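Down below is the structure, laid out as structure tokens.
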Amino acid sequence: MIHRREALMHLGQVGLGALTLAQLLARSSAASRSSRTTKPRAKSCIFLFLWGGPPQQDMWDVKLEAPSGIRSQFRASRTVVPGLDLCEHMPLIARQADKIAVIRSMSHSSNDHEVSIYRALTGQQDPGVAVPNHFRRRSQFPNVGAGVTHFSPPGRMPASITVPGPVSYSGISFAGTYSGFLGPRNDPVELSVPPKPDLRPASAFGPGPAMPAERMSARRGLLQNIEAQDRLLQAGAPVRGFDRSRERAFTLLSSSAAKDALDLERENARLRDRYGRNVYGDSFLLARRLIESGVRLVTVNWLHFPRGGGTINPWDNHGGSAIFGGISGYAMLTQWYCLPSLDRAYSALLEDLAARGLLDETVVVLTGEFGRTPKINTAGGRDHWGMCYSTVLAGGGVRGGQVHGASDRDAAYPKSRPVAPEDVLATIYSALGIPPESRIDDALSRPYRLCEGQPLAALF
């Protein structure tokens, strides 16, 4: 369980090449001022990333006419929108279908997790992102959270936060999960403390007693030492105003706004139950609280914390994995760490945002790095497939109850209106009033376009 005292002090992963809140707050104001902004449709974005590759055929694009061996083992179920059918295991989402736009024609050319995650989060293709080398590096392109941070004015809360932590494996954060060449000051804040490792749905963000002043002071001294080493290792990175930013960071960590946003015990018990009292429900609820407190973009990574420690991607439903007890891919989808928790948490988030008047000003994006193969494998699951998958958008002016694009009979290839990952990111930037064509510079002052994609204007 993450207590508030731990969440506050770990709000910013410290160490080699990792985020510190102080560095984020020291963002380049000159770069922020250089961008031409447009009138935003939304104030904030919640980016829900289903790490592993959720199967389009078994969730958002059920193909009952596909042949045996390809056709989903789940039934399609009607929703509140005529003609928009979803998987039978998402009944709560079905009731919220009038709020969502399902893109059934997402497509790119990679079937590798590392390469696909990088493109999904940055909109870029980088031959240097090797498999299975998933280290993130400062030479890489910034992710969407860093882009939003770079072009957002300083506020009482960070512009971008990642919960419950970055996509990582064996303690290594994947390429595309931070600001890359935009430098540490633009890194999204990362809640880097995982819940207690086990296979039970345990609460991830519980309250705790306030940290005593002497412990805060001790942590502060430790952080100063770590950051001193980090500054040497990050030779060439901008450090002007660093100490002043660190002071502001500690002020922020002890502020009532940060404490209130992180304290889920302030929520009504019935609402906590509605989201689901596990790492997924708590993360989705925390995302709502954070954007309500002024954070512009919250990334929620769907991570699983197995009993043996570390993290794993539960949507990677090949089947037969010893970590998941050797069950089939289809059985994995029905476990609490996949469809049941998604159905509860995502439907609760849409319902909650709408009830609070926040949905119109918050773009909610639900996606993964790719989809799954048309053919069901011998382990009763599906394998990696980038050529066709689904992404779901809601809020922020998006017209609900619609389908954008179409796949072929087997949900194997786009049949119409193909959409690339960078188009989704361009849509986020545009909705927040940040032109995708805005200029960013790397450490050598070489200019780049913020995002090469085209906003999906037809969704609005």
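Each chain of the structure tokens is named A, B, ... in the order shown, its residues numbered from 1; ligands are numbered from 1 in display order.
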
Where does range 345-455 of chain A meet range 77-87 of chain A within 8 Å, residue by residue, with the nearest atom pair and distance in Å to one decimal for each, counting only C-alpha atoms, listed by chain and rising number, as a tab-separated table?
residue	atom	partner	partner_atom	distance
A:Gly401	CA	A:Val81	CA	5.9
A:Gln402	CA	A:Leu84	CA	7.6
A:Val403	CA	A:Leu84	CA	7.5

- Message: Need the shell around Ala411 in chain A: protein/DNA/RNA residues with any atom at most 10 Å away, counting only C-alpha atoms. Skip same-chain ones fewer than 5 positions apart. Format as a ChimeraX atom specification?
- Response: /A:55-57,61-63,66,70-71,104-105,371-374,387-390,406

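Between CA of Gly395 in chain A and CA of Asp360 in chain A the interatomic distance comes to 5.1 Å.
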
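Distances here use only C-alpha atoms; by that measure, the residue among A:Gly123, A:Pro421, A:Pro54, A:Pro435 closest to Phe151 in chain A is A:Pro435.
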
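When DSSP is run on the backbone, the residues of range 82-209 of chain A that fall into strand (DSSP E or B) are A:Leu86, A:Cys87, A:Ile100, A:Ala101, A:Val102, A:Ile103, A:Arg104, A:Ser105, A:Met106, A:Ser160, A:Ile161, A:Thr162, A:Val163, A:Ser168, A:Tyr169, A:Ile172, A:Ser173, A:Val189, A:Glu190, A:Leu191, A:Phe205.
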
Expected file contents, prior selection, C-alpha atoms, as a PDB file, in the first residue's frame:
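Written output follows (result35.pdb):
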ATOM      1  CA  LEU A  86     -18.720  -4.427 -27.470  1.00  0.00           C
ATOM      2  CA  CYS A  87     -17.420  -7.526 -25.723  1.00  0.00           C
ATOM      3  CA  ILE A 100     -16.969   7.127 -26.321  1.00  0.00           C
ATOM      4  CA  ALA A 101     -15.532   7.182 -29.834  1.00  0.00           C
ATOM      5  CA  VAL A 102     -13.988   3.854 -30.863  1.00  0.00           C
ATOM      6  CA  ILE A 103     -11.200   3.984 -33.450  1.00  0.00           C
ATOM      7  CA  ARG A 104     -11.116   0.530 -35.063  1.00  0.00           C
ATOM      8  CA  SER A 105      -8.429   1.292 -37.640  1.00  0.00           C
ATOM      9  CA  MET A 106      -5.270   1.964 -35.620  1.00  0.00           C
ATOM     10  CA  SER A 160       2.133  15.937 -16.112  1.00  0.00           C
ATOM     11  CA  ILE A 161       2.081  12.987 -13.707  1.00  0.00           C
ATOM     12  CA  THR A 162       2.430   9.241 -14.335  1.00  0.00           C
ATOM     13  CA  VAL A 163       0.726   6.670 -12.078  1.00  0.00           C
ATOM     14  CA  SER A 168       9.146  -0.830 -16.821  1.00  0.00           C
ATOM     15  CA  TYR A 169      10.498  -4.339 -16.643  1.00  0.00           C
ATOM     16  CA  ILE A 172      14.257  -0.636 -16.271  1.00  0.00           C
ATOM     17  CA  SER A 173      11.950   2.075 -17.579  1.00  0.00           C
ATOM     18  CA  VAL A 189       6.366  13.301 -12.340  1.00  0.00           C
ATOM     19  CA  GLU A 190       6.344   9.570 -11.639  1.00  0.00           C
ATOM     20  CA  LEU A 191       4.716   7.896  -8.679  1.00  0.00           C
ATOM     21  CA  PHE A 205      -2.888   4.528  -2.715  1.00  0.00           C
TER      22      PHE A 205
END

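Interatomic distance, CA of Ala354 in chain A against CA of Phe49 in chain A: 20.9 Å.
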
- Message: So that I can check the surroundings of Asp352 in chain A, please list as number ranges by chain every protein, DNA and RNA residue that reaches within 10 Å of it, counting only C-alpha atoms and ignoring chain neighbours fewer than 5 positions away.
- Response: A: 271, 274-275, 285, 288, 346-347, 357-359

- To one decimal place, how far is CA of Ile434 in chain A from CA of Lys39 in chain A in Å? 8.5 Å

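Residue nearest Leu339 in chain A, chosen from A:Gly368, A:Pro447, A:Pro91, A:Gly155 and counting only C-alpha atoms: A:Pro91.
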
- Query: Which polymer residues have any atom within 9 Å of an atom of Ser293 in chain A, counting only C-alpha atoms, with same-chain residues fewer than 6 positions away left out, as a PyMOL selection string?
  - Reply: chain A and resi 156-157+257-258+260-261

- Task: Compare A:Ala331, A:Val167, A:Ile46, A:Ile376 by their minimum atom-to-atom distance to Asn313 in chain A, counting only C-alpha atoms, and give me the closest one.
- Result: A:Val167

- Query: Hey, which of A:Phe370, A:Arg382, A:Leu353, A:Phe460 ends up closest to Ser107 in chain A? Count only C-alpha atoms.
  - Reply: A:Phe370
